[in-house]
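Undergrad: This is the structure I have questions about; it appears just below.
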Amino acid sequence: MGRVELPRYAEVIEVGPRDGLQNEGNFVPTEKKTAFINALWRAGFKEIEVTSFVSPKWVPQMSDAAEVMKEVGGHSGTMVLTPNKRGIDTALAAGAKAVAIFIGVSRTFNQKNINKTTEEAVEGLLPHIKELKDSGIYIRACISTAFHCPYEGAIKPAETLELCKKLADAGVNELSVADTIGKATPKESYALFSMLIKELPDVLMAAHFHDTRKMALANIYAALCAGVTRFDASAGGLGGCPFAPGASGNAATEDVVYMLERMGIETGIDLDQLVQAISIVEPHVSRELSSWYYQSYKKKEK
């Protein structure tokens with residue numbers, strides 16, 4: 001890897017209210033979600049994925065998306081997930097100014113998730129991307145199974161690059177490249193992001209790691225060394241992917257922020273306020289939040 005110069009600042013994008021809660025066994029009451037999100041804004045986040053406009057039949061935890069947007073969607077950094085034309089239209093009607101679309105590199109993952117091949121999914125997205133661009137909407141493309149797939153195994157970096165190039169050429173503003181099942185290694189992280197940044201220098205690049213095998217922080221460090229300065233993370237380590245067997249929670253935001261700040265990389269996030277935000281939602285989720293920083297903080301407070 002050689003000697004690298006780390007950045008002075010990194011943007012941590014909070015995805016817990018959407019990616020974290022969508023996989024919950026419990027439905028978190030709307031008022032608790034909005035209190036959680038407002039507390040996250042107070043902690044200093046500039047960008048938050050607040051909800052997802054998806055079918056309540058498949059993701060019932062997000063059935064209150066419009067109500068959530070009404071309460072907390074006034075911030076400029078508000079992001080929502082929109083899986084299809086219906087979701088896009090509903091999100092725009094709710095006032096969304098930034099949307100996330102998603103697609104997997106793996107053909108099998110796409111078939112099982114949205115019943116389309118990767119090629120069909122891209123073709124289906126292109127007119128939506130154009131419509132959003134023409135409306136001045138910020139577009140984030142979430143690239144699932146960028147490293148490994150639960151069905152196909154290891155993904156060739158060239159396949160991830162090819163998909164990212166197609167979406168960049170279509171005009172998306174940002175690519176969020178995800179280790180969906182948490183199987184990537186730091187070596188793979190450094191190699192893929194070094195290639196993506198070199199080949200796509202004009203597109204914002206974010207890294208999204210799951211902590212299934214407890215390698216998320218190491219992978220984030222490797223991505224930092226490759227030049228990435230934007231990272232998705234989920235407060236309390238909430239989340240997973242309801243359509244990817246074996247995908248556990250995301251990298252815990254508080255652990256990511258702690259690591260970055262200890263390395264001298266500013267994030268603008270108040271860790272005490274972040275912990276207070278997590279404490280709002282913790283009683284309403286179905287599993288124990290096991291992030292190192294949060295558990296250490298709770299022990300200290302006792």
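Each chain of the structure tokens is named A, B, ... in the order shown, its residues numbered from 1; ligands are numbered from 1 in display order.
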Counting only C-alpha atoms, give me one row per residue of range 167-188 of chain A with an atom at most 10 Å from an atom of range 111-127 of chain A, showing the shortest contact pair and its distance in Å to one decimal, sorted by chain then residue number, as JSON lines.

TA:
{"residue": "A:Leu167", "atom": "CA", "partner": "A:Val122", "partner_atom": "CA", "distance": 7.9}
{"residue": "A:Ala170", "atom": "CA", "partner": "A:Leu126", "partner_atom": "CA", "distance": 6.6}
{"residue": "A:Gly171", "atom": "CA", "partner": "A:Leu126", "partner_atom": "CA", "distance": 9.2}
{"residue": "A:Val172", "atom": "CA", "partner": "A:Leu126", "partner_atom": "CA", "distance": 9.9}

Undergrad: Could you dump the residues just selected with all heavy atoms as a PDB file, in the first residue's frame?

TA:
ATOM      1  N   LEU A 167     -23.610   4.131 -14.559  1.00  0.00           N
ATOM      2  CA  LEU A 167     -24.428   5.054 -13.771  1.00  0.00           C
ATOM      3  C   LEU A 167     -23.812   6.449 -13.732  1.00  0.00           C
ATOM      4  O   LEU A 167     -24.530   7.455 -13.755  1.00  0.00           O
ATOM      5  CB  LEU A 167     -24.611   4.493 -12.360  1.00  0.00           C
ATOM      6  CG  LEU A 167     -25.429   3.195 -12.308  1.00  0.00           C
ATOM      7  CD1 LEU A 167     -25.383   2.584 -10.919  1.00  0.00           C
ATOM      8  CD2 LEU A 167     -26.869   3.442 -12.733  1.00  0.00           C
ATOM      9  N   ALA A 170     -24.623   8.086 -16.873  1.00  0.00           N
ATOM     10  CA  ALA A 170     -26.038   8.479 -16.902  1.00  0.00           C
ATOM     11  C   ALA A 170     -26.284   9.762 -16.134  1.00  0.00           C
ATOM     12  O   ALA A 170     -27.331  10.392 -16.308  1.00  0.00           O
ATOM     13  CB  ALA A 170     -26.904   7.356 -16.334  1.00  0.00           C
ATOM     14  N   GLY A 171     -25.334  10.158 -15.272  1.00  0.00           N
ATOM     15  CA  GLY A 171     -25.445  11.443 -14.599  1.00  0.00           C
ATOM     16  C   GLY A 171     -25.714  11.421 -13.112  1.00  0.00           C
ATOM     17  O   GLY A 171     -26.080  12.446 -12.533  1.00  0.00           O
ATOM     18  N   VAL A 172     -25.549  10.260 -12.435  1.00  0.00           N
ATOM     19  CA  VAL A 172     -25.753  10.272 -10.984  1.00  0.00           C
ATOM     20  C   VAL A 172     -24.704  11.164 -10.333  1.00  0.00           C
ATOM     21  O   VAL A 172     -23.586  11.314 -10.837  1.00  0.00           O
ATOM     22  CB  VAL A 172     -25.700   8.848 -10.379  1.00  0.00           C
ATOM     23  CG1 VAL A 172     -26.734   7.953 -11.019  1.00  0.00           C
ATOM     24  CG2 VAL A 172     -24.303   8.244 -10.495  1.00  0.00           C
TER      25      VAL A 172
END

Undergrad: Which residues come within 12 Å of Glu152 in chain A, counting only C-alpha atoms, excluding same-chain residues fewer than 6 positions away, as a ChimeraX atom specification?

TA: /A:104-112,145-146,181,244

Undergrad: Restrict the selected residues to all heavy atoms and save them as a compact mmCIF listing (two decimals), in the first residue's frame.

TA:
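Produced file selection_37.txt, reproduced below:
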# COMPACT_ATOMS: atom_id res chain seq x y z
N GLY A 104 -27.74 -3.97 -7.73
CA GLY A 104 -26.65 -4.86 -7.39
C GLY A 104 -25.77 -5.16 -8.59
O GLY A 104 -26.24 -5.19 -9.73
N VAL A 105 -24.49 -5.38 -8.34
CA VAL A 105 -23.59 -5.82 -9.41
C VAL A 105 -23.96 -7.25 -9.82
O VAL A 105 -23.96 -7.59 -10.99
CB VAL A 105 -22.12 -5.75 -8.94
CG1 VAL A 105 -21.19 -6.18 -10.09
CG2 VAL A 105 -21.76 -4.36 -8.46
N SER A 106 -24.29 -8.06 -8.83
CA SER A 106 -24.61 -9.47 -9.07
C SER A 106 -25.95 -9.64 -9.79
O SER A 106 -26.97 -9.11 -9.37
CB SER A 106 -24.67 -10.21 -7.73
OG SER A 106 -25.40 -11.41 -7.83
N ARG A 107 -25.94 -10.40 -10.88
CA ARG A 107 -27.16 -10.67 -11.62
C ARG A 107 -28.16 -11.44 -10.76
O ARG A 107 -29.37 -11.15 -10.76
CB ARG A 107 -26.85 -11.47 -12.89
CG ARG A 107 -26.09 -10.70 -13.95
CD ARG A 107 -25.63 -11.62 -15.08
NE ARG A 107 -26.76 -12.22 -15.78
CZ ARG A 107 -27.35 -11.68 -16.84
NH1 ARG A 107 -26.93 -10.53 -17.32
NH2 ARG A 107 -28.36 -12.31 -17.43
N THR A 108 -27.66 -12.43 -10.02
CA THR A 108 -28.55 -13.26 -9.21
C THR A 108 -29.19 -12.44 -8.09
O THR A 108 -30.38 -12.59 -7.80
CB THR A 108 -27.78 -14.45 -8.61
OG1 THR A 108 -27.10 -15.14 -9.66
CG2 THR A 108 -28.73 -15.41 -7.91
N PHE A 109 -28.40 -11.57 -7.47
CA PHE A 109 -28.93 -10.70 -6.41
C PHE A 109 -30.07 -9.84 -6.96
O PHE A 109 -31.13 -9.71 -6.33
CB PHE A 109 -27.82 -9.82 -5.86
CG PHE A 109 -28.25 -8.89 -4.76
CD1 PHE A 109 -28.34 -9.34 -3.45
CD2 PHE A 109 -28.56 -7.57 -5.03
CE1 PHE A 109 -28.74 -8.48 -2.43
CE2 PHE A 109 -28.96 -6.70 -4.02
CZ PHE A 109 -29.05 -7.17 -2.72
N ASN A 110 -29.88 -9.27 -8.13
CA ASN A 110 -30.93 -8.45 -8.74
C ASN A 110 -32.16 -9.28 -9.07
O ASN A 110 -33.30 -8.83 -8.86
CB ASN A 110 -30.40 -7.76 -10.00
CG ASN A 110 -29.49 -6.60 -9.68
OD1 ASN A 110 -29.73 -5.86 -8.74
ND2 ASN A 110 -28.42 -6.45 -10.45
N GLN A 111 -31.95 -10.48 -9.58
CA GLN A 111 -33.08 -11.34 -9.92
C GLN A 111 -33.92 -11.65 -8.69
O GLN A 111 -35.16 -11.61 -8.74
CB GLN A 111 -32.58 -12.66 -10.55
CG GLN A 111 -32.05 -12.51 -11.97
CD GLN A 111 -33.16 -12.47 -13.01
OE1 GLN A 111 -34.33 -12.27 -12.70
NE2 GLN A 111 -32.80 -12.65 -14.26
N LYS A 112 -33.27 -11.95 -7.59
CA LYS A 112 -33.99 -12.31 -6.37
C LYS A 112 -34.57 -11.08 -5.68
O LYS A 112 -35.57 -11.18 -4.96
CB LYS A 112 -33.06 -13.07 -5.41
CG LYS A 112 -32.71 -14.48 -5.91
CD LYS A 112 -31.86 -15.23 -4.90
CE LYS A 112 -31.59 -16.66 -5.37
NZ LYS A 112 -32.81 -17.49 -5.36
N THR A 145 -23.67 -5.49 -3.43
CA THR A 145 -22.83 -6.65 -3.79
C THR A 145 -21.63 -6.24 -4.64
O THR A 145 -21.30 -6.87 -5.64
CB THR A 145 -23.64 -7.76 -4.50
OG1 THR A 145 -24.22 -7.25 -5.72
CG2 THR A 145 -24.74 -8.30 -3.60
N ALA A 146 -20.96 -5.17 -4.24
CA ALA A 146 -19.82 -4.67 -5.01
C ALA A 146 -18.58 -5.53 -4.82
O ALA A 146 -17.66 -5.49 -5.66
CB ALA A 146 -19.52 -3.23 -4.61
N ILE A 181 -22.68 -7.98 2.24
CA ILE A 181 -22.71 -9.08 3.21
C ILE A 181 -21.49 -9.08 4.14
O ILE A 181 -21.27 -10.03 4.88
CB ILE A 181 -22.85 -10.46 2.52
CG1 ILE A 181 -21.68 -10.72 1.56
CG2 ILE A 181 -24.18 -10.54 1.79
CD1 ILE A 181 -21.69 -12.14 0.99
N ALA A 244 -30.56 -9.95 1.45
CA ALA A 244 -29.24 -10.58 1.34
C ALA A 244 -28.99 -11.47 2.54
O ALA A 244 -28.67 -10.99 3.62
CB ALA A 244 -28.15 -9.51 1.24

Undergrad: Which is closer to Phe193 in chain A than all the others in A:Leu217, A:Val228, A:Val80, A:Phe45, using only C-alpha atoms?

TA: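 Looking at the shortest contact to Phe193 in chain A, the residue is A:Val228.
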
Undergrad: Identify which of the residues A:Glu188, A:Asp211, A:Glu71, A:Asp202 lies closest to Gly239 in chain A, counting only C-alpha atoms when measuring atom-to-atom distances.

TA: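 Comparing A:Glu188, A:Asp211, A:Glu71, A:Asp202 against Gly239 in chain A, the winner is A:Asp211.
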
Undergrad: Tell me which protein, DNA and RNA residues are within 9 Å of Asp19 in chain A, counting only C-alpha atoms, leaving out same-chain ones fewer than 5 positions away, and put them as a ChimeraX atom specification.

TA: /A:49-52,234,238-241,250

Undergrad: Which neighbours of Ala158 in chain A fall inside 10 Å, counting only C-alpha atoms, when residues of the same chain fewer than 3 positions from it are skipped, and could you give them as a list of chain:residue names?

TA: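 Once the adjacent positions are removed, what remains is A:Ile155, A:Leu161, A:Glu162, A:Leu163, A:Cys164, A:Leu192, A:Met195, A:Leu196.
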
Undergrad: Might you pull out every residue within 12 Å of range 88-91 of chain A, with only C-alpha atoms counted and same-chain residues fewer than 3 positions away left off, and present them as a ChimeraX atom specification?

TA: /A:50-55,64-70,73,78-85,94-101,125,127-129,131-132,135,137,139

Undergrad: Could you write out, as a PyMOL selection string, all the residues of range 133-219 of chain A that DSSP marks as alpha helix (DSSP H)?

TA: chain A and resi 133-134+157-170+186-199+216-219

Undergrad: List every residue of range 55-278 of chain A that DSSP, applied to the backbone of this structure, assigns to strand (DSSP E or B), and report them as a PyMOL selection string.

TA: chain A and resi 78-81+98-104+138-144+148-149+153-154+174-179+204-210+230-234+250+252+266

Undergrad: Find the residues near Ala223 in chain A: any atom within 8 Å, counting only C-alpha atoms, skip ones fewer than 5 places away on the same chain, and give them as a ChimeraX atom specification.

TA: /A:186,189-190,193-194,207,228

Undergrad: When you look at Ala43 in chain A with a cut-off of 12 Å (counting only C-alpha atoms), what residues show up, excluding the ones that are within fewer than 6 positions of it in the same chain? I need them as a PDB file with all heavy atoms, in the first residue's frame.

TA:
ATOM      1  N   VAL A  12     -19.310  11.618   7.427  1.00  0.00           N
ATOM      2  CA  VAL A  12     -20.003  10.402   7.839  1.00  0.00           C
ATOM      3  C   VAL A  12     -21.486  10.601   7.547  1.00  0.00           C
ATOM      4  O   VAL A  12     -22.118  11.523   8.074  1.00  0.00           O
ATOM      5  CB  VAL A  12     -19.778  10.091   9.329  1.00  0.00           C
ATOM      6  CG1 VAL A  12     -20.515   8.809   9.722  1.00  0.00           C
ATOM      7  CG2 VAL A  12     -18.283   9.939   9.614  1.00  0.00           C
ATOM      8  N   GLU A  14     -25.187   9.349   7.845  1.00  0.00           N
ATOM      9  CA  GLU A  14     -25.967   8.502   8.754  1.00  0.00           C
ATOM     10  C   GLU A  14     -27.101   7.816   7.995  1.00  0.00           C
ATOM     11  O   GLU A  14     -27.967   8.478   7.404  1.00  0.00           O
ATOM     12  CB  GLU A  14     -26.539   9.347   9.892  1.00  0.00           C
ATOM     13  CG  GLU A  14     -27.425   8.587  10.854  1.00  0.00           C
ATOM     14  CD  GLU A  14     -26.743   7.371  11.459  1.00  0.00           C
ATOM     15  OE1 GLU A  14     -25.646   7.526  12.030  1.00  0.00           O
ATOM     16  OE2 GLU A  14     -27.319   6.280  11.353  1.00  0.00           O
ATOM     17  N   PHE A  36     -35.516  10.374  16.956  1.00  0.00           N
ATOM     18  CA  PHE A  36     -34.189   9.814  16.669  1.00  0.00           C
ATOM     19  C   PHE A  36     -33.491  10.645  15.593  1.00  0.00           C
ATOM     20  O   PHE A  36     -32.330  11.068  15.754  1.00  0.00           O
ATOM     21  CB  PHE A  36     -34.387   8.369  16.207  1.00  0.00           C
ATOM     22  CG  PHE A  36     -33.165   7.629  15.754  1.00  0.00           C
ATOM     23  CD1 PHE A  36     -31.959   7.702  16.444  1.00  0.00           C
ATOM     24  CD2 PHE A  36     -33.231   6.812  14.623  1.00  0.00           C
ATOM     25  CE1 PHE A  36     -30.846   6.988  16.011  1.00  0.00           C
ATOM     26  CE2 PHE A  36     -32.129   6.095  14.194  1.00  0.00           C
ATOM     27  CZ  PHE A  36     -30.933   6.190  14.875  1.00  0.00           C
ATOM     28  N   ILE A  37     -34.195  10.918  14.503  1.00  0.00           N
ATOM     29  CA  ILE A  37     -33.604  11.668  13.398  1.00  0.00           C
ATOM     30  C   ILE A  37     -33.267  13.095  13.813  1.00  0.00           C
ATOM     31  O   ILE A  37     -32.181  13.613  13.504  1.00  0.00           O
ATOM     32  CB  ILE A  37     -34.555  11.653  12.182  1.00  0.00           C
ATOM     33  CG1 ILE A  37     -34.703  10.231  11.644  1.00  0.00           C
ATOM     34  CG2 ILE A  37     -34.053  12.594  11.079  1.00  0.00           C
ATOM     35  CD1 ILE A  37     -35.873  10.053  10.695  1.00  0.00           C
ATOM     36  N   ALA A 235     -26.160   4.387  13.149  1.00  0.00           N
ATOM     37  CA  ALA A 235     -26.094   4.582  14.602  1.00  0.00           C
ATOM     38  C   ALA A 235     -26.433   3.294  15.331  1.00  0.00           C
ATOM     39  O   ALA A 235     -27.434   2.642  15.038  1.00  0.00           O
ATOM     40  CB  ALA A 235     -27.051   5.696  15.018  1.00  0.00           C
ATOM     41  N   THR A 253     -21.972   3.880  13.576  1.00  0.00           N
ATOM     42  CA  THR A 253     -21.539   5.257  13.374  1.00  0.00           C
ATOM     43  C   THR A 253     -20.616   5.730  14.482  1.00  0.00           C
ATOM     44  O   THR A 253     -19.586   6.363  14.217  1.00  0.00           O
ATOM     45  CB  THR A 253     -22.763   6.187  13.303  1.00  0.00           C
ATOM     46  OG1 THR A 253     -23.689   5.679  12.348  1.00  0.00           O
ATOM     47  CG2 THR A 253     -22.363   7.593  12.925  1.00  0.00           C
ATOM     48  N   GLU A 254     -20.974   5.431  15.718  1.00  0.00           N
ATOM     49  CA  GLU A 254     -20.176   5.934  16.840  1.00  0.00           C
ATOM     50  C   GLU A 254     -18.774   5.341  16.847  1.00  0.00           C
ATOM     51  O   GLU A 254     -17.797   6.019  17.208  1.00  0.00           O
ATOM     52  CB  GLU A 254     -20.893   5.678  18.167  1.00  0.00           C
ATOM     53  CG  GLU A 254     -21.244   4.233  18.452  1.00  0.00           C
ATOM     54  CD  GLU A 254     -22.543   3.756  17.838  1.00  0.00           C
ATOM     55  OE1 GLU A 254     -23.006   4.356  16.846  1.00  0.00           O
ATOM     56  OE2 GLU A 254     -23.095   2.775  18.351  1.00  0.00           O
ATOM     57  N   VAL A 257     -16.910   7.172  13.951  1.00  0.00           N
ATOM     58  CA  VAL A 257     -16.553   8.542  14.341  1.00  0.00           C
ATOM     59  C   VAL A 257     -15.411   8.534  15.351  1.00  0.00           C
ATOM     60  O   VAL A 257     -14.457   9.320  15.236  1.00  0.00           O
ATOM     61  CB  VAL A 257     -17.784   9.285  14.905  1.00  0.00           C
ATOM     62  CG1 VAL A 257     -17.377  10.617  15.540  1.00  0.00           C
ATOM     63  CG2 VAL A 257     -18.809   9.506  13.800  1.00  0.00           C
ATOM     64  N   THR A 267     -14.769  15.032  11.864  1.00  0.00           N
ATOM     65  CA  THR A 267     -16.058  14.602  11.308  1.00  0.00           C
ATOM     66  C   THR A 267     -17.178  15.611  11.570  1.00  0.00           C
ATOM     67  O   THR A 267     -18.215  15.552  10.910  1.00  0.00           O
ATOM     68  CB  THR A 267     -16.495  13.254  11.905  1.00  0.00           C
ATOM     69  OG1 THR A 267     -16.719  13.416  13.320  1.00  0.00           O
ATOM     70  CG2 THR A 267     -15.430  12.182  11.681  1.00  0.00           C
ATOM     71  N   GLY A 268     -16.982  16.478  12.560  1.00  0.00           N
ATOM     72  CA  GLY A 268     -18.031  17.420  12.926  1.00  0.00           C
ATOM     73  C   GLY A 268     -19.150  16.802  13.737  1.00  0.00           C
ATOM     74  O   GLY A 268     -20.171  17.447  13.982  1.00  0.00           O
ATOM     75  N   ILE A 269     -18.970  15.555  14.184  1.00  0.00           N
ATOM     76  CA  ILE A 269     -20.018  14.850  14.921  1.00  0.00           C
ATOM     77  C   ILE A 269     -19.725  14.894  16.421  1.00  0.00           C
ATOM     78  O   ILE A 269     -18.605  14.606  16.851  1.00  0.00           O
ATOM     79  CB  ILE A 269     -20.125  13.377  14.473  1.00  0.00           C
ATOM     80  CG1 ILE A 269     -20.306  13.281  12.956  1.00  0.00           C
ATOM     81  CG2 ILE A 269     -21.268  12.678  15.205  1.00  0.00           C
ATOM     82  CD1 ILE A 269     -21.493  14.003  12.413  1.00  0.00           C
ATOM     83  N   ASP A 270     -20.730  15.252  17.203  1.00  0.00           N
ATOM     84  CA  ASP A 270     -20.637  15.253  18.664  1.00  0.00           C
ATOM     85  C   ASP A 270     -21.012  13.853  19.160  1.00  0.00           C
ATOM     86  O   ASP A 270     -22.173  13.452  19.071  1.00  0.00           O
ATOM     87  CB  ASP A 270     -21.596  16.305  19.234  1.00  0.00           C
ATOM     88  CG  ASP A 270     -21.492  16.457  20.739  1.00  0.00           C
ATOM     89  OD1 ASP A 270     -21.386  15.426  21.444  1.00  0.00           O
ATOM     90  OD2 ASP A 270     -21.536  17.607  21.221  1.00  0.00           O
ATOM     91  N   LEU A 271     -20.024  13.123  19.673  1.00  0.00           N
ATOM     92  CA  LEU A 271     -20.274  11.739  20.087  1.00  0.00           C
ATOM     93  C   LEU A 271     -21.276  11.648  21.233  1.00  0.00           C
ATOM     94  O   LEU A 271     -22.088  10.719  21.277  1.00  0.00           O
ATOM     95  CB  LEU A 271     -18.959  11.068  20.479  1.00  0.00           C
ATOM     96  CG  LEU A 271     -18.169  10.437  19.320  1.00  0.00           C
ATOM     97  CD1 LEU A 271     -16.774  10.056  19.785  1.00  0.00           C
ATOM     98  CD2 LEU A 271     -18.899   9.219  18.773  1.00  0.00           C
ATOM     99  N   ASP A 272     -21.234  12.569  22.167  1.00  0.00           N
ATOM    100  CA  ASP A 272     -22.195  12.540  23.276  1.00  0.00           C
ATOM    101  C   ASP A 272     -23.620  12.703  22.751  1.00  0.00           C
ATOM    102  O   ASP A 272     -24.542  11.998  23.186  1.00  0.00           O
ATOM    103  CB  ASP A 272     -21.879  13.638  24.298  1.00  0.00           C
ATOM    104  CG  ASP A 272     -20.626  13.341  25.112  1.00  0.00           C
ATOM    105  OD1 ASP A 272     -20.216  12.167  25.148  1.00  0.00           O
ATOM    106  OD2 ASP A 272     -20.064  14.280  25.701  1.00  0.00           O
ATOM    107  N   GLN A 273     -23.803  13.633  21.832  1.00  0.00           N
ATOM    108  CA  GLN A 273     -25.132  13.831  21.250  1.00  0.00           C
ATOM    109  C   GLN A 273     -25.559  12.619  20.419  1.00  0.00           C
ATOM    110  O   GLN A 273     -26.732  12.251  20.388  1.00  0.00           O
ATOM    111  CB  GLN A 273     -25.127  15.090  20.369  1.00  0.00           C
ATOM    112  CG  GLN A 273     -25.079  16.380  21.153  1.00  0.00           C
ATOM    113  CD  GLN A 273     -26.337  16.620  21.966  1.00  0.00           C
ATOM    114  OE1 GLN A 273     -27.444  16.337  21.513  1.00  0.00           O
ATOM    115  NE2 GLN A 273     -26.181  17.119  23.174  1.00  0.00           N
ATOM    116  N   LEU A 274     -24.607  11.992  19.752  1.00  0.00           N
ATOM    117  CA  LEU A 274     -24.910  10.794  18.976  1.00  0.00           C
ATOM    118  C   LEU A 274     -25.396   9.676  19.887  1.00  0.00           C
ATOM    119  O   LEU A 274     -26.379   8.984  19.579  1.00  0.00           O
ATOM    120  CB  LEU A 274     -23.670  10.352  18.201  1.00  0.00           C
ATOM    121  CG  LEU A 274     -23.754   9.015  17.439  1.00  0.00           C
ATOM    122  CD1 LEU A 274     -24.947   8.973  16.498  1.00  0.00           C
ATOM    123  CD2 LEU A 274     -22.452   8.770  16.679  1.00  0.00           C
ATOM    124  N   VAL A 275     -24.750   9.496  21.016  1.00  0.00           N
ATOM    125  CA  VAL A 275     -25.178   8.463  21.966  1.00  0.00           C
ATOM    126  C   VAL A 275     -26.589   8.761  22.469  1.00  0.00           C
ATOM    127  O   VAL A 275     -27.411   7.842  22.622  1.00  0.00           O
ATOM    128  CB  VAL A 275     -24.186   8.382  23.136  1.00  0.00           C
ATOM    129  CG1 VAL A 275     -24.770   7.564  24.291  1.00  0.00           C
ATOM    130  CG2 VAL A 275     -22.870   7.760  22.677  1.00  0.00           C
ATOM    131  N   GLN A 276     -26.894  10.032  22.722  1.00  0.00           N
ATOM    132  CA  GLN A 276     -28.238  10.395  23.169  1.00  0.00           C
ATOM    133  C   GLN A 276     -29.273  10.042  22.099  1.00  0.00           C
ATOM    134  O   GLN A 276     -30.377   9.584  22.414  1.00  0.00           O
ATOM    135  CB  GLN A 276     -28.294  11.887  23.495  1.00  0.00           C
ATOM    136  CG  GLN A 276     -27.429  12.293  24.680  1.00  0.00           C
ATOM    137  CD  GLN A 276     -27.719  11.481  25.929  1.00  0.00           C
ATOM    138  OE1 GLN A 276     -28.881  11.328  26.324  1.00  0.00           O
ATOM    139  NE2 GLN A 276     -26.676  10.955  26.557  1.00  0.00           N
ATOM    140  N   ALA A 277     -28.911  10.229  20.842  1.00  0.00           N
ATOM    141  CA  ALA A 277     -29.826   9.871  19.760  1.00  0.00           C
ATOM    142  C   ALA A 277     -30.082   8.368  19.744  1.00  0.00           C
ATOM    143  O   ALA A 277     -31.228   7.918  19.603  1.00  0.00           O
ATOM    144  CB  ALA A 277     -29.247  10.324  18.416  1.00  0.00           C
ATOM    145  N   ILE A 278     -29.029   7.584  19.896  1.00  0.00           N
ATOM    146  CA  ILE A 278     -29.164   6.131  19.895  1.00  0.00           C
ATOM    147  C   ILE A 278     -30.047   5.665  21.043  1.00  0.00           C
ATOM    148  O   ILE A 278     -30.862   4.751  20.893  1.00  0.00           O
ATOM    149  CB  ILE A 278     -27.780   5.463  19.976  1.00  0.00           C
ATOM    150  CG1 ILE A 278     -26.952   5.813  18.739  1.00  0.00           C
ATOM    151  CG2 ILE A 278     -27.907   3.939  20.091  1.00  0.00           C
ATOM    152  CD1 ILE A 278     -25.483   5.459  18.865  1.00  0.00           C
TER     153      ILE A 278
END

Undergrad: Using only C-alpha atoms, pick whichever of A:Ala168, A:Ala39, A:Val203, A:Ala226 has the shortest atom-to-atom distance to Lys187 in chain A.

TA: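 Answer, going by the shortest atom-to-atom distance: A:Ala226.
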
Undergrad: What separation in Å, quoted to one decimal, exists between CA of Val15 in chain A and CA of Ala218 in chain A?

TA: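 Going from CA of Val15 in chain A over to CA of Ala218 in chain A covers 19.4 Å.
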